[in-house]
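Worksheet for the structure shown next.
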Amino acid sequence: MPEDEDIEIVARHLSIQGRVQGVWYRASAQAEARRLGLRGWVRNRHDGSVEALVIGLQAAIDAFIDWAQIGPPKAQVLRIEISTADEEPTEGFEQRPTC
């Protein structure tokens, strides 16, 4: 039944590349994820990318990915790699230290 897919909680790992550090990407991603009711985290990577784990309804994750492809005004997103992830026990959506 297609409606069941709408209520299933899923997790996705995103690797966001481009000009995404020093442009408020993490804070903006946190605000967008919270607005969409997602759980998870976002952090900078030493290679200059940003990575995120988003957990929630598929429709909300799709909306987050649409936002992530653009990001905040000063960002220039070149590519996002998306993979299926395991759900982690998290409350809310947090910024984590650089990894």
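Letters A, B, ... go to the chains of the structure tokens in the order shown; residues in each chain start at 1; ligands are counted from 1 in the same order.
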* Residues at most 12 Å from A:Ala31, counting only C-alpha atoms, excluding those fewer than 4 positions away in the same chain, as a PyMOL selection string? -> chain A and resi 24-27+35-42+64+67-68+71-72+92-95
Those selected residues, please, written with C-alpha atoms and delivered as a PDB file, in the first residue's frame.
```
ATOM      1  CA  TRP A  24      26.627  29.250   7.298  1.00  0.00           C
ATOM      2  CA  TYR A  25      25.744  25.975   5.616  1.00  0.00           C
ATOM      3  CA  ARG A  26      25.609  23.917   8.838  1.00  0.00           C
ATOM      4  CA  ALA A  27      23.479  26.423  10.755  1.00  0.00           C
ATOM      5  CA  ARG A  35      11.617  23.102  10.179  1.00  0.00           C
ATOM      6  CA  LEU A  36      10.962  19.833   8.339  1.00  0.00           C
ATOM      7  CA  GLY A  37      10.791  17.792  11.553  1.00  0.00           C
ATOM      8  CA  LEU A  38      13.923  15.764  10.806  1.00  0.00           C
ATOM      9  CA  ARG A  39      16.371  14.262  13.281  1.00  0.00           C
ATOM     10  CA  GLY A  40      20.092  13.795  12.780  1.00  0.00           C
ATOM     11  CA  TRP A  41      23.217  15.891  12.505  1.00  0.00           C
ATOM     12  CA  VAL A  42      25.438  17.970  10.238  1.00  0.00           C
ATOM     13  CA  PHE A  64      15.734  18.667   2.716  1.00  0.00           C
ATOM     14  CA  TRP A  67      17.101  22.607  -0.103  1.00  0.00           C
ATOM     15  CA  ALA A  68      20.627  21.133   0.296  1.00  0.00           C
ATOM     16  CA  GLY A  71      21.918  25.761   0.544  1.00  0.00           C
ATOM     17  CA  PRO A  72      22.246  29.238   2.068  1.00  0.00           C
ATOM     18  CA  GLY A  92      16.499  16.774  17.306  1.00  0.00           C
ATOM     19  CA  PHE A  93      19.030  17.906  14.735  1.00  0.00           C
ATOM     20  CA  GLU A  94      22.447  19.004  15.913  1.00  0.00           C
ATOM     21  CA  GLN A  95      25.693  20.419  14.608  1.00  0.00           C
TER      22      GLN A  95
END
```
* Would you mind listing what lies within 9 Å of A:Ile61 as a VMD selection string, with only C-alpha atoms counted and same-chain residues fewer than 6 positions away left out? => chain A and resid 10 to 12 33 36 38 54 to 55
Take the residues that were just selected and, keeping C-alpha atoms, output them as a compact mmCIF listing (two decimals), in the first residue's frame.
```
# COMPACT_ATOMS: atom_id res chain seq x y z
CA VAL A 10 14.20 6.36 6.83
CA ALA A 11 17.77 7.61 7.17
CA ARG A 12 20.02 9.10 4.50
CA ALA A 33 15.99 20.12 9.14
CA LEU A 36 10.96 19.83 8.34
CA LEU A 38 13.92 15.76 10.81
CA VAL A 54 18.94 13.02 8.09
CA ILE A 55 16.28 10.81 9.67
```
* Structure fact -> Counting only C-alpha atoms, closest pick from A:Ala75, A:Cys99, A:Ala85, A:Val20 relative to A:Gly56 is A:Ala85
Extract, using only C-alpha atoms, all DNA, RNA and protein residues at most 9 Å from A:Ile65, discarding same-chain residues fewer than 6 positions from it, and format them as a PDB file with all heavy atoms, in the first residue's frame.
```pdb
ATOM      1  N   LEU A  14      24.282  12.247   3.611  1.00  0.00           N
ATOM      2  CA  LEU A  14      24.565  13.175   2.522  1.00  0.00           C
ATOM      3  C   LEU A  14      26.000  13.662   2.632  1.00  0.00           C
ATOM      4  O   LEU A  14      26.453  14.012   3.729  1.00  0.00           O
ATOM      5  CB  LEU A  14      23.644  14.392   2.592  1.00  0.00           C
ATOM      6  CG  LEU A  14      22.213  14.264   2.089  1.00  0.00           C
ATOM      7  CD1 LEU A  14      21.425  13.257   2.872  1.00  0.00           C
ATOM      8  CD2 LEU A  14      21.538  15.612   2.121  1.00  0.00           C
ATOM      9  N   ILE A  80      25.998  16.476  -4.503  1.00  0.00           N
ATOM     10  CA  ILE A  80      25.587  15.813  -3.275  1.00  0.00           C
ATOM     11  C   ILE A  80      25.553  14.314  -3.550  1.00  0.00           C
ATOM     12  O   ILE A  80      24.909  13.870  -4.495  1.00  0.00           O
ATOM     13  CB  ILE A  80      24.193  16.276  -2.794  1.00  0.00           C
ATOM     14  CG1 ILE A  80      24.194  17.763  -2.487  1.00  0.00           C
ATOM     15  CG2 ILE A  80      23.765  15.484  -1.557  1.00  0.00           C
ATOM     16  CD1 ILE A  80      22.856  18.299  -2.024  1.00  0.00           C
ATOM     17  N   ILE A  82      24.294  10.849  -2.038  1.00  0.00           N
ATOM     18  CA  ILE A  82      23.266  10.407  -1.096  1.00  0.00           C
ATOM     19  C   ILE A  82      23.320   8.888  -0.996  1.00  0.00           C
ATOM     20  O   ILE A  82      23.353   8.200  -2.019  1.00  0.00           O
ATOM     21  CB  ILE A  82      21.870  10.844  -1.567  1.00  0.00           C
ATOM     22  CG1 ILE A  82      21.830  12.354  -1.769  1.00  0.00           C
ATOM     23  CG2 ILE A  82      20.793  10.379  -0.587  1.00  0.00           C
ATOM     24  CD1 ILE A  82      20.660  12.833  -2.597  1.00  0.00           C
TER      25      ILE A  82
END
```
* **Residue among A:Leu57, A:Leu78, A:Val23, A:Val50 lying closest to A:Ile7, counting only C-alpha atoms** =>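 Among A:Leu57, A:Leu78, A:Val23, A:Val50, it is A:Leu57 that comes nearest to A:Ile7.
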* Expected answer as a VMD selection string: helix (DSSP H, G or I) residues in chain A -> chain A and resid 2 to 7 25 to 35 58 to 68
* Kindly indicate which residue among A:Leu53, A:Ala29, A:Ala59, A:Ile70 lies nearest to A:His13, using only C-alpha atoms for the distances. =>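 Nearest candidate to A:His13 out of A:Leu53, A:Ala29, A:Ala59, A:Ile70: A:Leu53.
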* Which parts of chain A does DSSP call strand (DSSP E) when run on the backbone here, written out as JSON, numbers by chain? -> {"A": [9, 10, 11, 12, 13, 14, 15, 16, 17, 18, 19, 39, 40, 41, 42, 43, 44, 50, 51, 52, 53, 54, 55, 56, 57, 76, 77, 78, 79, 80, 81, 82, 83, 84, 93, 94, 95]}
Now that the selection is made, can you save its residues with C-alpha atoms as a short mmCIF file (atom, residue, chain, number, x, y, z; two decimals), in the first residue's frame?
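The resulting part18.cif:
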```cif
data_model
loop_
_atom_site.label_atom_id
_atom_site.label_comp_id
_atom_site.auth_asym_id
_atom_site.auth_seq_id
_atom_site.Cartn_x
_atom_site.Cartn_y
_atom_site.Cartn_z
CA ILE A 9 11.04 6.51 8.93
CA VAL A 10 14.20 6.36 6.83
CA ALA A 11 17.77 7.61 7.17
CA ARG A 12 20.02 9.10 4.50
CA HIS A 13 23.66 10.11 4.60
CA LEU A 14 24.56 13.17 2.52
CA SER A 15 28.00 14.31 1.43
CA ILE A 16 27.70 17.88 0.16
CA GLN A 17 30.57 19.26 -1.91
CA GLY A 18 31.38 22.68 -3.26
CA ARG A 19 31.72 25.98 -1.46
CA ARG A 39 16.37 14.26 13.28
CA GLY A 40 20.09 13.79 12.78
CA TRP A 41 23.22 15.89 12.51
CA VAL A 42 25.44 17.97 10.24
CA ARG A 43 29.20 18.60 10.38
CA ASN A 44 32.12 19.96 8.39
CA VAL A 50 29.79 19.00 4.70
CA GLU A 51 28.17 15.74 5.70
CA ALA A 52 24.77 15.15 7.22
CA LEU A 53 22.64 12.33 8.52
CA VAL A 54 18.94 13.02 8.09
CA ILE A 55 16.28 10.81 9.67
CA GLY A 56 12.55 11.13 9.15
CA LEU A 57 9.76 10.73 6.65
CA GLN A 76 27.81 26.99 -4.17
CA VAL A 77 26.85 23.33 -4.08
CA LEU A 78 28.55 21.32 -6.79
CA ARG A 79 27.44 17.81 -5.91
CA ILE A 80 25.59 15.81 -3.28
CA GLU A 81 26.21 12.12 -2.78
CA ILE A 82 23.27 10.41 -1.10
CA SER A 83 23.31 6.96 0.42
CA THR A 84 21.05 4.87 2.61
CA PHE A 93 19.03 17.91 14.74
CA GLU A 94 22.45 19.00 15.91
CA GLN A 95 25.69 20.42 14.61
#
```
